[in-house]
>>> print(open('final_26.csv').read())   # CSV, C-alpha atoms
chain,number,residue,atom,x,y,z
E,15,MET,CA,105.7,89.9,75.1
E,16,PRO,CA,102.5,91.8,74.7
E,17,GLU,CA,102.7,95.5,75.4
E,18,VAL,CA,100.4,97.1,78.0
E,19,ARG,CA,97.9,99.3,76.3
E,20,VAL,CA,96.1,101.7,78.6
E,21,ARG,CA,92.7,103.1,77.5
E,22,LYS,CA,91.9,105.1,80.6
E,23,ARG,CA,92.7,105.6,84.2
E,24,ALA,CA,90.7,106.8,87.1
E,25,LEU,CA,91.4,107.9,90.6
E,26,ILE,CA,88.8,107.8,93.5
E,27,ILE,CA,89.6,109.5,96.8
E,28,GLU,CA,87.3,109.3,99.8
E,29,GLU,CA,87.6,111.4,102.9
E,30,ILE,CA,85.4,110.1,105.7
E,31,PHE,CA,84.7,112.4,108.6
E,32,HIS,CA,82.2,110.3,110.5
E,33,GLU,CA,79.5,107.7,110.1
E,34,GLY,CA,77.0,108.9,112.6
E,35,GLY,CA,79.3,108.8,115.5
E,36,PRO,CA,81.9,111.3,116.8
E,37,PRO,CA,83.9,112.9,113.9
E,38,ALA,CA,87.3,111.4,113.6
E,39,GLU,CA,90.2,113.6,114.8
E,40,LYS,CA,91.9,112.8,111.5
E,41,PRO,CA,89.4,111.9,108.8
E,42,LEU,CA,90.0,108.4,107.3
E,43,ARG,CA,91.1,108.6,103.7
E,44,ARG,CA,90.9,105.8,101.1
E,45,ALA,CA,92.0,106.0,97.5
E,46,ALA,CA,91.7,103.7,94.6
E,47,ALA,CA,93.7,103.8,91.4
E,48,LEU,CA,92.0,102.2,88.4
E,49,VAL,CA,93.5,101.5,85.0
E,50,VAL,CA,91.7,100.0,82.0
E,51,ILE,CA,94.0,98.0,79.8
E,52,HIS,CA,93.6,95.9,76.7
E,53,ASN,CA,93.5,92.2,77.5
E,54,PRO,CA,96.0,90.6,75.1
E,55,PHE,CA,94.6,87.2,75.7
E,56,ALA,CA,90.9,88.0,75.1
E,57,GLY,CA,88.8,85.7,72.9
E,58,LYS,CA,91.0,82.7,72.9
E,59,TYR,CA,92.7,80.2,75.3
E,60,VAL,CA,96.3,81.0,75.6
E,61,ALA,CA,98.4,78.6,77.7
E,62,GLU,CA,101.4,80.8,78.4
E,63,ILE,CA,100.3,84.0,80.0
E,64,ALA,CA,102.6,84.4,83.0
E,65,SER,CA,105.1,86.6,81.3
E,66,PHE,CA,102.5,89.4,81.2
E,67,MET,CA,103.0,89.8,84.9
E,68,GLU,CA,106.4,91.2,84.3
E,69,ASP,CA,105.0,93.6,81.7
E,70,LEU,CA,102.5,94.9,84.2
E,71,LYS,CA,105.1,95.8,86.9
E,72,PRO,CA,105.9,99.4,85.7
E,73,LEU,CA,102.1,100.1,85.5
E,74,GLY,CA,101.6,98.8,89.0
E,75,LEU,CA,104.4,101.0,90.4
E,76,ASP,CA,102.9,104.0,88.6
E,77,MET,CA,99.5,103.3,90.2
E,78,ALA,CA,100.9,102.7,93.7
E,79,GLN,CA,102.9,105.9,93.5
E,80,SER,CA,99.8,107.8,92.3
E,81,LEU,CA,97.9,106.6,95.3
E,82,VAL,CA,100.6,107.8,97.7
E,83,ALA,CA,100.6,111.1,96.0
E,84,ALA,CA,96.8,111.3,96.1
E,85,LEU,CA,96.9,110.6,99.9
E,86,GLY,CA,99.4,113.4,100.5
E,87,GLY,CA,102.7,112.1,99.3
E,88,ASP,CA,104.1,110.4,102.4
E,89,PRO,CA,104.2,106.6,102.2
E,90,GLN,CA,104.5,106.5,106.0
E,91,ILE,CA,100.9,107.4,106.5
E,92,ILE,CA,99.5,104.4,104.5
E,93,GLU,CA,98.1,101.8,106.8
E,94,GLY,CA,95.9,99.6,104.7
E,95,TYR,CA,95.9,98.2,101.2
E,96,GLY,CA,94.1,95.9,98.8
E,97,LYS,CA,93.9,95.0,95.1
E,98,GLY,CA,91.6,93.6,92.5
E,99,ALA,CA,90.7,93.1,88.9
E,100,ILE,CA,87.6,92.9,86.7
E,101,VAL,CA,88.2,90.9,83.5
E,102,GLY,CA,86.0,91.8,80.5
E,103,GLN,CA,83.7,89.0,79.2
E,104,ALA,CA,86.0,87.8,76.4
E,105,GLY,CA,88.6,87.0,79.0
E,106,GLU,CA,89.0,84.5,81.8
E,107,LEU,CA,89.3,84.8,85.5
E,108,GLU,CA,92.9,83.6,85.2
E,109,HIS,CA,93.8,86.8,83.4
E,110,GLY,CA,92.7,88.7,86.5
E,111,ALA,CA,95.1,86.5,88.5
E,112,LEU,CA,97.9,88.0,86.5
E,113,TRP,CA,97.5,91.1,88.7
E,114,HIS,CA,98.5,89.4,92.0
E,115,VAL,CA,102.3,89.6,91.5
E,116,PRO,CA,102.7,93.0,89.9
E,117,GLY,CA,100.0,94.7,92.0
E,118,GLY,CA,101.4,93.4,95.3
E,119,TYR,CA,105.0,94.0,94.3
E,120,ALA,CA,104.1,97.6,93.3
E,121,MET,CA,102.6,98.4,96.7
E,122,ARG,CA,105.3,96.8,98.8
E,123,GLU,CA,108.0,98.5,96.7
E,124,THR,CA,106.3,101.8,97.1
E,125,LEU,CA,105.5,101.5,100.8
E,126,GLY,CA,108.9,100.2,101.8
E,127,ASN,CA,108.6,97.2,104.0
E,128,ALA,CA,105.0,96.2,104.1
E,129,LYS,CA,104.8,92.7,105.5
E,130,ALA,CA,101.2,91.5,105.1
E,131,ILE,CA,99.8,89.7,102.1
E,132,VAL,CA,97.8,92.2,100.0
E,133,ALA,CA,94.1,91.2,100.2
E,134,SER,CA,92.6,90.8,96.8
E,135,THR,CA,89.5,89.9,94.8
E,136,LYS,CA,88.7,89.4,91.1
E,137,LYS,CA,85.8,88.7,88.8
E,138,VAL,CA,84.6,88.6,85.2
E,139,GLY,CA,82.3,91.5,84.5
E,140,SER,CA,81.0,94.0,82.0
E,141,LEU,CA,80.8,97.8,81.7
E,142,GLY,CA,80.1,99.4,85.1
E,143,THR,CA,80.6,96.2,87.1
E,144,ARG,CA,81.4,97.1,90.7
E,145,LEU,CA,84.2,95.4,92.6
E,146,ASP,CA,84.5,95.4,96.4
E,147,VAL,CA,88.2,95.5,97.0
E,148,PRO,CA,89.1,94.1,100.4
E,149,ILE,CA,91.5,96.0,102.6
E,150,THR,CA,93.8,94.8,105.4
E,151,HIS,CA,96.6,96.3,107.5
E,152,ILE,CA,99.8,96.5,105.5
E,153,ASN,CA,102.0,94.9,108.2
E,154,ALA,CA,99.7,92.5,110.0
E,155,SER,CA,96.7,90.9,108.3
E,156,TYR,CA,94.9,90.2,111.6
E,157,VAL,CA,94.5,93.9,112.7
E,158,ARG,CA,90.8,94.0,113.1
E,159,SER,CA,90.3,97.7,113.0
E,160,HIS,CA,91.7,97.8,109.5
E,161,PHE,CA,89.5,95.1,107.9
E,162,ASP,CA,87.7,97.2,105.3
E,163,ALA,CA,86.7,97.4,101.7
E,164,MET,CA,86.2,100.0,99.0
E,165,GLU,CA,83.8,99.6,96.2
E,166,VAL,CA,85.2,100.7,92.8
E,167,GLY,CA,84.2,100.6,89.2
E,168,ILE,CA,84.1,102.6,86.0
E,169,THR,CA,80.9,103.2,84.0
E,170,ASP,CA,82.4,102.3,80.6
E,171,ALA,CA,84.8,99.6,81.6
E,172,PRO,CA,85.8,96.8,81.2
E,173,ARG,CA,84.8,96.3,77.6
E,174,ALA,CA,84.9,92.6,76.5
E,175,ASP,CA,88.6,92.7,75.6
E,176,GLU,CA,89.8,94.8,78.5
E,177,ILE,CA,90.9,94.3,82.1
E,178,LEU,CA,90.2,96.8,84.8
E,179,LEU,CA,93.0,96.8,87.4
E,180,ALA,CA,92.6,98.3,90.8
E,181,LEU,CA,94.9,99.2,93.7
E,182,VAL,CA,93.6,100.6,97.0
E,183,MET,CA,95.3,102.3,99.9
E,184,THR,CA,93.9,103.7,103.1
E,185,THR,CA,95.3,106.0,105.9
E,186,GLY,CA,93.8,104.3,108.9
E,187,PRO,CA,91.2,102.1,110.6
E,188,ARG,CA,87.4,102.2,109.9
E,189,VAL,CA,86.2,105.5,111.1
E,190,HIS,CA,84.4,104.2,114.2
E,191,ALA,CA,86.3,100.9,114.7
E,192,ARG,CA,85.2,99.3,118.0
E,193,VAL,CA,84.9,95.5,117.7
E,194,GLY,CA,88.1,94.6,119.5
E,195,GLY,CA,90.7,92.2,118.2
E,196,LEU,CA,94.4,92.8,117.4
E,197,LYS,CA,95.2,96.5,117.5
E,198,ALA,CA,97.6,98.3,115.2
E,199,SER,CA,99.6,99.3,118.3
E,200,GLU,CA,100.1,95.6,119.2
E,201,ILE,CA,101.6,94.4,115.9
E,202,LYS,CA,104.7,92.3,116.4
E,203,GLY,CA,105.6,92.6,112.7
E,204,GLU,CA,107.4,89.3,112.3
E,205,ASP,CA,105.2,87.3,110.0
E,206,GLY,CA,102.8,89.7,108.3
E,207,LEU,CA,99.9,88.3,110.3
E,208,ARG,CA,100.1,89.7,113.8
N,18,MET,CA,80.4,125.8,108.0
N,19,LYS,CA,76.7,125.1,107.8
N,20,ALA,CA,77.0,121.9,105.9
N,21,LYS,CA,77.4,118.8,108.1
N,22,ILE,CA,79.6,116.7,105.9
N,23,ARG,CA,80.0,113.0,106.5
N,24,LYS,CA,82.4,112.3,103.7
N,25,ILE,CA,83.9,113.9,100.5
N,26,VAL,CA,84.8,111.7,97.5
N,27,THR,CA,86.9,112.9,94.6
N,28,PHE,CA,86.9,111.2,91.2
N,29,VAL,CA,89.4,111.7,88.4
N,30,GLU,CA,89.2,110.1,84.9
N,31,GLU,CA,91.8,110.3,82.2
N,32,THR,CA,91.1,108.8,78.7
N,33,ARG,CA,94.1,108.0,76.7
N,34,SER,CA,92.7,106.0,73.8
N,35,GLU,CA,89.4,105.2,72.2
N,36,MET,CA,89.0,102.4,69.7
N,37,ASP,CA,92.7,102.0,69.8
N,38,ARG,CA,93.2,105.6,68.6
N,39,PRO,CA,95.3,107.7,70.9
N,40,VAL,CA,93.6,110.6,72.6
N,41,ASN,CA,96.3,113.2,72.7
N,42,PRO,CA,96.4,115.0,74.9
N,43,PRO,CA,94.3,112.7,77.1
N,44,THR,CA,90.9,114.1,78.1
N,45,ARG,CA,90.5,114.6,81.8
N,46,ARG,CA,87.6,115.2,84.1
N,47,ALA,CA,87.1,115.4,87.8
N,48,ALA,CA,84.2,115.3,90.1
N,49,ALA,CA,84.1,116.2,93.8
N,50,ALA,CA,81.1,115.0,95.9
N,51,ALA,CA,80.0,115.7,99.4
N,52,VAL,CA,77.7,113.6,101.5
N,53,ILE,CA,75.8,116.0,103.8
N,54,GLU,CA,73.1,115.7,106.3
N,55,ASN,CA,69.7,116.9,105.0
N,56,PRO,CA,68.4,119.3,107.7
N,57,PHE,CA,64.9,119.0,106.3
N,58,ALA,CA,64.6,115.2,105.9
N,59,GLY,CA,61.4,113.6,106.9
N,60,LYS,CA,59.3,116.8,107.1
N,61,TYR,CA,57.9,119.5,104.8
N,62,VAL,CA,59.7,122.8,105.4
N,63,GLU,CA,58.6,125.9,103.5
N,64,ASP,CA,61.7,128.0,103.8
N,65,LEU,CA,64.7,126.3,102.3
N,66,THR,CA,67.2,129.1,102.9
N,67,GLU,CA,69.5,126.9,104.9
N,68,LEU,CA,70.0,124.5,102.0
N,69,MET,CA,70.7,127.4,99.7
N,70,GLU,CA,73.5,128.6,102.0
N,71,ILE,CA,74.9,125.1,102.1
N,72,GLY,CA,74.9,125.2,98.3
N,73,GLU,CA,77.0,128.3,98.4
N,74,GLU,CA,79.6,126.7,100.7
N,75,LEU,CA,79.7,123.6,98.6
N,76,GLY,CA,80.1,125.6,95.4
N,77,THR,CA,83.5,126.8,96.7
N,78,LEU,CA,84.6,123.6,98.4
N,79,LEU,CA,83.8,121.1,95.7
N,80,THR,CA,85.0,123.2,92.8
N,81,GLU,CA,88.3,123.8,94.6
N,82,ARG,CA,88.6,120.0,95.2
N,83,ALA,CA,87.8,119.1,91.6
N,84,VAL,CA,90.2,121.7,90.1
N,85,ALA,CA,92.9,120.5,92.5
N,86,ALA,CA,92.4,116.9,91.5
N,87,LEU,CA,93.0,117.9,87.9
N,88,GLY,CA,96.1,119.9,89.0
N,89,ILE,CA,95.1,122.9,86.8
N,90,PRO,CA,94.4,126.6,87.5
N,91,GLY,CA,90.7,127.3,87.6
N,92,ARG,CA,90.9,129.3,84.4
N,93,SER,CA,92.1,126.3,82.5
N,94,ALA,CA,88.9,124.4,83.2
N,95,GLU,CA,86.8,123.9,80.0
N,96,SER,CA,83.5,122.5,81.0
N,97,TYR,CA,81.5,122.0,84.1
N,98,GLY,CA,78.3,120.5,85.6
N,99,LYS,CA,76.5,119.9,88.9
N,100,ALA,CA,74.1,117.4,90.4
N,101,ALA,CA,72.5,116.2,93.6
N,102,ALA,CA,70.9,113.0,94.8
N,103,VAL,CA,68.5,113.3,97.8
N,104,GLY,CA,68.1,110.4,100.1
N,105,GLU,CA,64.7,108.8,100.5
N,106,ASN,CA,63.4,111.0,103.3
N,107,GLY,CA,64.1,114.2,101.3
N,108,GLU,CA,62.4,116.1,98.5
N,109,LEU,CA,63.7,116.8,95.0
N,110,GLU,CA,63.2,120.5,96.0
N,111,HIS,CA,66.0,120.1,98.5
N,112,ALA,CA,68.3,119.3,95.7
N,113,ALA,CA,67.0,122.3,93.8
N,114,ALA,CA,67.7,124.6,96.8
N,115,ILE,CA,71.3,123.5,97.0
N,116,LEU,CA,72.0,123.6,93.3
N,117,HIS,CA,70.2,126.6,91.8
N,118,PRO,CA,70.0,129.7,93.9
N,119,LYS,CA,73.6,130.2,95.2
N,120,LEU,CA,76.0,127.4,94.2
N,121,GLY,CA,76.9,128.8,90.8
N,122,THR,CA,78.6,132.1,91.9
N,123,PRO,CA,81.3,130.5,94.0
N,124,VAL,CA,81.9,127.9,91.2
N,125,ARG,CA,82.6,130.7,88.7
N,126,LYS,CA,84.7,132.5,91.3
N,127,VAL,CA,87.0,129.5,91.7
N,128,LEU,CA,87.2,129.1,87.9
N,129,GLY,CA,87.7,132.7,87.1
N,130,THR,CA,85.1,132.6,84.3
N,131,GLY,CA,81.9,130.8,83.5
N,132,ALA,CA,79.4,132.7,81.4
N,133,ALA,CA,77.4,129.6,80.5
N,134,LEU,CA,74.6,128.0,82.5
N,135,ILE,CA,76.0,125.2,84.6
N,136,PRO,CA,74.1,122.1,83.4
N,137,SER,CA,72.5,120.2,86.2
N,138,SER,CA,70.6,117.0,87.1
N,139,LYS,CA,68.9,115.8,90.3
N,140,LYS,CA,67.1,112.7,91.6
N,141,ARG,CA,66.0,110.9,94.7
N,142,GLY,CA,67.7,107.7,95.4
N,143,SER,CA,69.3,105.3,97.9
N,144,PRO,CA,72.9,104.5,98.7
N,145,GLY,CA,74.9,103.7,95.6
N,146,VAL,CA,72.6,105.4,93.2
N,147,ALA,CA,74.3,106.5,90.0
N,148,LEU,CA,74.4,110.3,89.5
N,149,ASP,CA,74.9,111.4,85.9
N,150,ILE,CA,76.4,114.9,86.0
N,151,PRO,CA,75.7,116.7,82.7
N,152,LEU,CA,78.7,118.7,81.3
N,153,GLY,CA,78.8,121.7,79.1
N,154,HIS,CA,81.5,124.3,78.1
N,155,LYS,CA,81.8,126.9,80.8
N,156,ASP,CA,82.0,129.9,78.5
N,157,ALA,CA,79.7,128.9,75.7
N,158,ALA,CA,76.9,126.4,76.1
N,159,PHE,CA,76.7,125.5,72.4
N,160,VAL,CA,80.2,124.1,72.1
N,161,ARG,CA,79.3,120.7,70.8
N,162,SER,CA,82.5,118.9,71.5
N,163,HIS,CA,82.0,119.6,75.2
N,164,PHE,CA,78.4,118.2,75.6
N,165,ASP,CA,79.1,115.3,77.8
N,166,GLY,CA,78.3,113.6,81.1
N,167,MET,CA,80.1,112.0,84.0
N,168,GLU,CA,78.6,109.2,86.1
N,169,ILE,CA,79.6,109.0,89.7
N,170,ARG,CA,78.4,107.0,92.6
N,171,VAL,CA,79.2,106.6,96.3
N,172,ASN,CA,78.2,103.1,97.4
N,173,ASP,CA,77.1,104.2,100.9
N,174,ALA,CA,75.4,107.4,100.1
N,175,PRO,CA,72.9,109.1,100.2
N,176,ARG,CA,71.4,107.5,103.3
N,177,ALA,CA,67.8,108.4,103.8
N,178,ASN,CA,68.6,111.6,105.7
N,179,GLU,CA,71.4,112.7,103.5
N,180,ILE,CA,72.1,114.5,100.2
N,181,LEU,CA,74.9,113.7,97.8
N,182,VAL,CA,76.1,116.9,96.1
N,183,ALA,CA,78.6,116.8,93.2
N,184,ILE,CA,80.4,119.3,91.0
N,185,ALA,CA,82.3,118.1,87.9
N,186,VAL,CA,85.0,120.0,86.1
N,187,THR,CA,87.0,119.1,83.0
N,188,ASP,CA,90.1,120.3,81.1
N,189,SER,CA,88.7,119.0,77.8
N,190,GLY,CA,85.7,117.8,75.8
N,191,ARG,CA,84.9,114.3,74.7
N,192,PRO,CA,87.6,112.1,73.4
N,193,LEU,CA,87.9,112.3,69.6
N,194,PRO,CA,84.9,114.7,69.0
N,195,ARG,CA,83.7,114.7,65.4
N,196,VAL,CA,80.0,115.6,65.2
N,197,GLY,CA,80.6,119.2,64.1
N,198,GLY,CA,78.9,122.2,65.6
N,199,LEU,CA,80.5,125.2,67.4
N,200,THR,CA,84.1,124.5,68.3
N,201,LYS,CA,85.9,126.1,71.3
N,202,ASP,CA,88.1,128.2,69.1
N,203,GLN,CA,85.0,129.9,67.6
N,204,ILE,CA,83.6,131.0,71.0
N,205,LYS,CA,82.6,134.7,71.0
N,206,GLY,CA,82.0,134.7,74.7
N,207,GLU,CA,79.4,137.4,74.8
N,208,ASP,CA,76.3,135.6,76.0
N,209,GLY,CA,77.4,132.4,77.5
N,210,LEU,CA,75.9,130.5,74.6
N,211,ARG,CA,78.2,130.9,71.6
>>> encode(input="final_26.csv", output="structure tokens")
Amino acid sequence: MPEVRVRKRALIIEEIFHEGGPPAEKPLRRAAALVVIHNPFAGKYVAEIASFMEDLKPLGLDMAQSLVAALGGDPQIIEGYGKGAIVGQAGELEHGALWHVPGGYAMRETLGNAKAIVASTKKVGSLGTRLDVPITHINASYVRSHFDAMEVGITDAPRADEILLALVMTTGPRVHARVGGLKASEIKGEDGLR
Amino acid sequence: MKAKIRKIVTFVEETRSEMDRPVNPPTRRAAAAAVIENPFAGKYVEDLTELMEIGEELGTLLTERAVAALGIPGRSAESYGKAAAVGENGELEHAAAILHPKLGTPVRKVLGTGAALIPSSKKRGSPGVALDIPLGHKDAAFVRSHFDGMEIRVNDAPRANEILVAIAVTDSGRPLPRVGGLTKDQIKGEDGLR
């Protein structure tokens, strides 16, 4: 099993007070944990890659916990999440897909009983490539106020033989959410959707 | 507070290896950035005092945020830098008013020391513009291992009537520095240069 080799990590925390409208009583906070790892499969086609997902789990947990810490330390205040990956150009998109299981597992494990699928995106890119990580409510994917996204990226990553992994968490709805739909207060919490 | 802040974003980067060589201890740097309303957007105003006062406020706020993000006492910071990006309806001189007259004193107060000039950069730009914050050792500008820069960007700022103001602080120099020059253990600390 390949080991996980970390070159660098980054943390981005946004605190949003308003966006032209009335300032929020509690500012919306969004945080992204980014880690740049060596891609053990870069430069060649490797058929069996799935076991790397298991290797990534401890890293995922560490990232999820660092996000909770960055947002104040209480997992109860996390309302939205998302994940993503940027694969350096010597890798394939499928290598980014390795992040689905460990990234999602890590956030569910850290947040207790989050029910909704973790929204995700991935791409192949180069140094400084930006990724718009989609965000949805942690317990019900259809909560419209929590549909959001956070743009992330690192100037010097991913190099060709690297993968940039991202996890994102937020503390609430868009700062001036007002387009209707299912509300967080109406969640039934049975199926992760509504 | 004079500054009308729409959002605050904090960035932390930690480099653990470079070219597969461990960076031990990892180098770490943090930047805190505020997106503020530009009170003088869209018109020529002779007296820029208000922006100078905003600079003084942000000097404290952003330095405290950056140091907190690194989790170190101010005195342990090693290098620093500042930068601002003015939205399209503002002037470069607005960035100068924030950065140069009054922002430095509170930065040094938070850090405890800071004999060296705080390196700076400024530009006009639109949302998502990259801001390269120059970095230099806070007590001796000639420390070569600490000549560096940190790129940040906030995808939705600065809007036309806004200014993005950032302060970066590190607990270290570049990863694996080896181009000679004055080292940090040779600092005399008399003139802010050597």
>>> atom_distance(input="final_26.csv", atom1="atom CA of E:Lys71", atom2="atom CA of E:Ala130")
19.1 Å
>>> closest_residue(input="final_26.csv", among="N:Ala113, N:Ala185, N:Val124, N:Ile169", to="chain E", atoms="all atoms listed in the file")
N:Ile169
>>> atom_distance(input="final_26.csv", atom1="atom CA of N:Ser162", atom2="atom CA of N:Gly145")
29.5 Å
>>> residues_around(input="final_26.csv", residues="N:Leu120", least_positions_apart="6", cutoff="6 Å", atoms="all atoms listed in the file", output="MDAnalysis selection string")
chainID N and resid 72:73 76
>>> closest_residue(input="final_26.csv", among="E:Ala104, E:Leu145, E:Leu178, E:Ile201", to="N:Asn172", atoms="only C-alpha atoms")
E:Leu145
>>> atom_distance(input="final_26.csv", atom1="atom CA of N:Glu95", atom2="atom CA of N:Leu199")
14.1 Å
>>> axis_aligned_box(input="final_26.csv", around="stretch 129-141 of chain E", padding_each_side="8 Å", output="AutoDock Vina command-line options")
--center_x 92.8 --center_y 93.2 --center_z 93.6 --size_x 40.0 --size_y 25.2 --size_z 39.8
>>> closest_residue(input="final_26.csv", among="N:Met18, N:Val160, N:Ala83, N:Ala94", to="chain E", atoms="only C-alpha atoms")
N:Ala83
>>> residues_near_point(input="final_26.csv", point="(73.9, 115.7, 95.0)", cutoff="8 Å", atoms="all atoms listed in the file", output="list in words")
Ala50, Ala51, Val52, Lys99, Ala100, Ala101, Ala102, Val103, Ala112, Lys139, Leu148, Ile180, Leu181, Val182 and Ala183 of chain N
>>> residues_around(input="final_26.csv", residues="E:Glu165", least_positions_apart="4", cutoff="9 Å", atoms="all atoms listed in the file", output="list in words")
Arg144, Leu145, Asp146, Val147 and Pro148 of chain E; Val171 and Asn172 of chain N
